[in-house]
Amino acid sequence: MLRDLRPILRLFLADRVRLAAGIGLAAATALAGLALLGLSGWFITATALAGASVATGLAFDVFAPAAAIRFLALARTAGRYGERLVSHDATLRILAELRERLFRGWAVPDAAGRLRLRPARLLFRLTLDTDALDGLYLRVLVPGLTALTTGGTAAIALGILDPMLGLAAGGALLGLGLALPVAASRSARRAAMARTHGLERLRAGTIDLVTGQRELVMAGQVGTRQEGLARIDARIAASDRRLDRIETGMGAGLGILGAALVAGTLLAVAALVRDGTIGVPESALALMLALFAVEPFATLGRAASELGRSLLAARRLAPRLAPAVSREPRRAPTSGLAVDIVATTVRHPDAHAPALRDVTLSLAVGERVALVGPSGAGKSTLLSLVAEEVSPGSGSVAAIPATLMTQRTELFRDSLRDNLRLADPAADDARLLDALSAAGLDDLIRGLPRGLETRLGDGGFGLSGGQARRLALARLFLRDSGLWLLDEPTEGLDGATARDVLARLWERGTGRSILTATHLRREAERADRLAVLSQGCITAIHSRGDPGFDATLATLRPD
Amino acid sequence: MHRPTPDCSSNPQRRRRSALPIAGLQVAAAILWIPQAAALALALGRLASGGGPGSVLGLAAGILALGVLRAVLEAHGKRRAFATARDVLSKERATAIAALAARSPIDRSRPAAGRAASVIAEQAEAVVPYLARYRPARLSARLVPPLIWLAVLSQSWAAALVLLLAAPLIPVFMALIGWRAQAASEAQLAEMGGMNAMLLDRLRGLATIRSFGAVDATALRLRAQADGLRRRTMAVLRIATLSSAVLELFSALGVAMVAVWVGFHLLGVLHFGVWGAPLDLAQGLFVLLLSPAFFAPLRDLAAAWHDRAAGEAALSALADLSRPGMELPGASGVSAAPAATGRKAAPSRVEVDGLGFRYGEATAPVFGGLDLTVEAGEHVALVAPSGAGKSTLLALLAGLAHPSAGQIRIGGRVLDGASAVELRAETAWIGQHPHVFPGTLADNVRLGRSIDGPGVDAALAAAGLGNVVRARGAGPVGEAGFGLSGGEVLRLALARLAASPGTRLILADEPTAHLDAETADDVARALVAFAKGRTLIVATHDPRLVKHMDRAIELGPNPVREAA
């Protein structure tokens, strides 16, 4: 359990001053409340005894206790306000740090590959897990330590009146008061996990019902799917009920503990008063302490189920929070070459057959090679290999630094300027506009009232497919790299746009090495060589002028 | 086409009433504090007047018994409230899912899958705390303080007056501060969601970010964004937290003033505020013990306050999903799919008479007065410019929506709500982007139908996926078919078709678009082979597919024209 939490705790400890301040203020607030009631009980009893005779009544100093009571009331208020602010600030700081670390953790090649295989599921899980972690401090650590402090202080105060009483009350409060939540969180862990997994399945099942509805309707299986979702919900409900049973059971246990503590304290102080060890006002103080010291423990009920969820989140996030192992920089190819792949095999995780088998291919500086072959032959994998997105299983890969233009245009929800600056953080607006113009986006940029400030939606939402592609092109132009990797650069564009985009690419690409994956004739016809891929193997390489070159070109799809 | 809302059980008014007696248990538990406090006060009174442990033994037993009863009642009430709330959640989920399932797949106002999933899975979770915590807390806040107040009033009008002055000010101040804070914190919450969205957005584009060497810059940017968000959130929280501070202040001051007044009264300094004889110690302590309990329900309500907004939003989002849309013909009988016959059936003749369709009352018809006949066993291409309604026509032929006008007969039977389920069972449909479900290839062929292992293997082999199965083994395919090429996904759809021998009619919607030349040819050949002895209608632009057909029908703005 602790091992799972370690990376998360380390993250928390980096901000320990603020965290401690939050917990300290929370405990101070609870203590002020406890002291307010204890002092009030003492004060009333003392005044009642003093008031019984006129002489002592006049001599009794009422002002100091009354002032202390008012002070505690204000202190409790101030404490509560401060605690809220400090603990939320600390949580938000941790979440900011967590987001940055998670991003870096996922940005290592192997993790990125896993992410690509199941983007929706992993990303969704990531969101829920980060959200679950903010409960760890606010709803587990703060209430837990507050309860501990309050219980401990009450026990010490009682111990000053009578050591045995203090020991007994402390044992009951700290023993049972903490044992109950700990036991609850242990028995809640499995249900909390089952619940989280159930929700993920419900979500996935709903997505399938909606996106695959046509297939399911035609197969007459919608009803079965609906029943399946109802069964998943029933299982979540069973976990929910179990968690609720644990939480309410724990609450009831603490309630009974509190009542027993008060009843026991009452009998104990009665004996102490009889023996003359303490006075009646002190016994009122003791009873008030016993009565209200249990209160902070009540919030631990929710903490118990929260902890189970947080632990699961911690376990799943931890691998991505570990400091990344820096890999050896890739070997540069011998001079004159841009890419040098020798006898390389690539295997995707969980796949039986390798995606690339014994591939050998080299690109001279300034050379253009097109990878052709049916979809699934391994073209994109070969580009990913050169881009260091996937690691070779065996063989050797050397390449000069490359820039990849992905098959699916990847734009970000950000301003146009920041989308472009990804490629060149130092670029000024003139350089950005120049790149946009080179990509054929003059008209677009002129039509935008906010110009480079224009914000794009999710994945570049708001642009047409052609505009998005051109924007990716402009970004590519901003990067002065000797090797371009183009994955189906004009797929999905109409013929006229595609030819314009290609013309701009070839023009700006003069002098660079270009490796293009394609099944379109227009993208392959300007290549110096065609490499034919089939089921992960390069079956043929045709140079321009060979009879095979034109024959291969002819098999590709025209516009 | 649009059904009226059939379900009244989701009416929140009704639920509110049914929750009352359950919350009553929790109110009863809170009220039990009055006798418990009285016993405690009495016991201290006895100690003050010189009583020993023997004099308080009965009272101690009473305190313990009442405490146990309180704990049990409260736990029972919470359990019942939770169970009721959880049942509501299950019902709401089932209603929303049923509404989604009963909607035509071509309904354009159908909610997006991601949105539907997050409402049904995560957002709906907020219903339970709202119903199980907020509602009982609200009831307690209305009932418990007045009862406690009456108990205080029975001893002293002055203490009751202090509480009366402190309590109503709380909601007033909280409302004043809360209104401003709520609007701001809702905006903040949305921004927090935006923060998650930003992280996800960047992670989706990792390949590009890595390729541009921008990992570091992006990480720092995310950090800066999160820090900015933190600063803005804290600005809001400084106001929002005031409302809980105000509650704290008034309840603490209320208790403090009661304590000070009782103290001065017992001392004999203040004589006013009682009904006759001055209070004794037991009465004074009783009043003091009741005062924090007077404020406790208000604090519980404040703690449950954010459950309300989330719960109400969840209920309205679920109600949104449950609103009926364009009806799927025969949706009420979707669970009763007829068993596959297992033997090859005779092809169907398709007749279309005066068919018309529009997507909504306000939209222009996609087509109207369409007449068309396809003979049994005939292979026909539907050719038309995009937007002419080819896909819509295929969907209508598949029984996926009710036509606005006219009639479709398949194998002589009129396609309507009563016959749709049976006719769909004899029809296969292949789209441009067949959906791949998470699971193995075999699961994807079966789609939950009872087809034995050899049957599935034969279908996969017949569709040309034999080597893919050998390469991937029994492992699951990636999300949305990741790892399968476009051609393999279409072959998977063909395998589904091969596994349904009872098919009489095949409808295919541009099956070869987006495929490379070689794969498109393969898929076209396989499709035609499967369609042998069946009726086949293909909507396509692809001339290589058209040439495999017996004839082509051109669908245009005017009634159907025949091409060669």
# chains A, B, ... in the order shown; residues from 1 in each chain; ligands from 1
>>> residues_around(residues="stretch 129-146 of chain B", least_positions_apart="3", cutoff="8 Å", atoms="only C-alpha atoms", output="number ranges by chain")
B: 19-20, 23, 26-27, 30-31, 78, 81-82, 84-85, 125-126, 149-150, 293-295, 297-298, 300-301, 304-305, 307-308, 310-312
>>> residues_around(residues="B:Ala43", least_positions_apart="2", cutoff="8 Å", atoms="only C-alpha atoms", output="compact mmCIF listing (two decimals) with N, CA and C atoms, in the first residue's frame")
# COMPACT_ATOMS: atom_id res chain seq x y z
N LEU A 266 -18.41 10.22 32.63
CA LEU A 266 -19.34 10.68 33.68
C LEU A 266 -19.12 9.89 34.96
N ALA B 39 -30.02 14.42 30.22
CA ALA B 39 -29.47 13.45 31.16
C ALA B 39 -28.08 13.89 31.62
N LEU B 40 -27.29 14.38 30.67
CA LEU B 40 -25.93 14.81 30.99
C LEU B 40 -25.96 16.00 31.95
N ALA B 41 -26.85 16.96 31.65
CA ALA B 41 -26.96 18.16 32.48
C ALA B 41 -27.43 17.79 33.88
N GLY B 45 -25.59 18.29 37.50
CA GLY B 45 -26.33 18.95 38.57
C GLY B 45 -26.23 18.13 39.84
N ARG B 46 -26.40 16.80 39.67
CA ARG B 46 -26.33 15.94 40.86
C ARG B 46 -24.94 15.93 41.47
N LEU B 47 -23.93 15.92 40.59
CA LEU B 47 -22.57 15.95 41.11
C LEU B 47 -22.34 17.24 41.89
N SER B 55 -25.35 8.09 42.25
CA SER B 55 -26.49 8.93 41.88
C SER B 55 -26.57 9.15 40.37
N VAL B 56 -25.45 8.96 39.66
CA VAL B 56 -25.47 9.23 38.21
C VAL B 56 -25.40 7.94 37.39
N LEU B 59 -28.29 7.63 35.02
CA LEU B 59 -28.19 8.63 33.95
C LEU B 59 -27.11 8.23 32.95
N ALA B 60 -25.99 7.70 33.46
CA ALA B 60 -24.92 7.25 32.55
C ALA B 60 -25.42 6.14 31.65
N ALA B 282 -28.12 22.49 36.22
CA ALA B 282 -28.55 21.50 35.23
C ALA B 282 -29.25 22.18 34.06
>>> residues_around(residues="stretch 383-397 of chain A", least_positions_apart="2", cutoff="8 Å", atoms="only C-alpha atoms", output="PyMOL selection string")
(chain A and resi 109-110+112-113+330-331+339-347+358+379-381+399+402-404+485-487+515+517) or (chain B and resi 207+211)
>>> write_last_selection(atoms="C-alpha atoms", output="short mmCIF file (atom, residue, chain, number, x, y, z; two decimals), in the first residue's frame")
data_model
loop_
_atom_site.label_atom_id
_atom_site.label_comp_id
_atom_site.auth_asym_id
_atom_site.auth_seq_id
_atom_site.Cartn_x
_atom_site.Cartn_y
_atom_site.Cartn_z
CA PRO A 109 8.37 6.78 -26.36
CA ASP A 110 7.06 3.50 -24.91
CA ALA A 112 3.35 7.26 -25.89
CA GLY A 113 2.93 4.05 -27.88
CA ARG A 330 20.61 7.93 -31.26
CA ARG A 331 23.64 7.27 -33.36
CA VAL A 339 18.69 7.48 -42.58
CA ASP A 340 20.42 4.15 -42.18
CA ILE A 341 18.24 1.23 -41.07
CA VAL A 342 19.92 -2.18 -40.99
CA ALA A 343 18.09 -5.50 -40.52
CA THR A 344 15.59 -4.02 -38.10
CA THR A 345 12.55 -5.78 -36.65
CA VAL A 346 9.78 -3.99 -34.75
CA ARG A 347 7.15 -5.73 -32.69
CA ASP A 358 14.28 -7.46 -41.13
CA LYS A 379 4.50 2.12 -43.58
CA SER A 380 3.50 4.21 -40.56
CA THR A 381 5.53 1.96 -38.26
CA ALA A 399 19.15 8.94 -38.54
CA ALA A 402 13.76 14.28 -38.15
CA THR A 403 10.41 16.03 -38.13
CA LEU A 404 7.27 13.93 -38.48
CA LEU A 485 8.78 12.18 -42.43
CA LEU A 486 5.42 12.59 -44.13
CA ASP A 487 2.62 10.14 -43.33
CA LEU A 515 10.48 9.87 -46.47
CA ALA A 517 4.30 6.91 -46.59
CA ALA B 207 3.84 12.37 -31.61
CA SER B 211 8.81 15.35 -33.13
#
>>> closest_residue(among="A:Arg6, A:Arg203, A:Arg455, A:Arg408", to="chain B", atoms="only C-alpha atoms")
A:Arg203
>>> closest_residue(among="A:Arg315, A:Arg368, A:Arg470, A:His519", to="chain B", atoms="only C-alpha atoms")
A:His519
>>> residues_around(residues="stretch 187-195 of chain A", least_positions_apart="6", cutoff="6 Å", atoms="only C-alpha atoms", output="ChimeraX atom specification")
/A:236,239,243,305,308-309
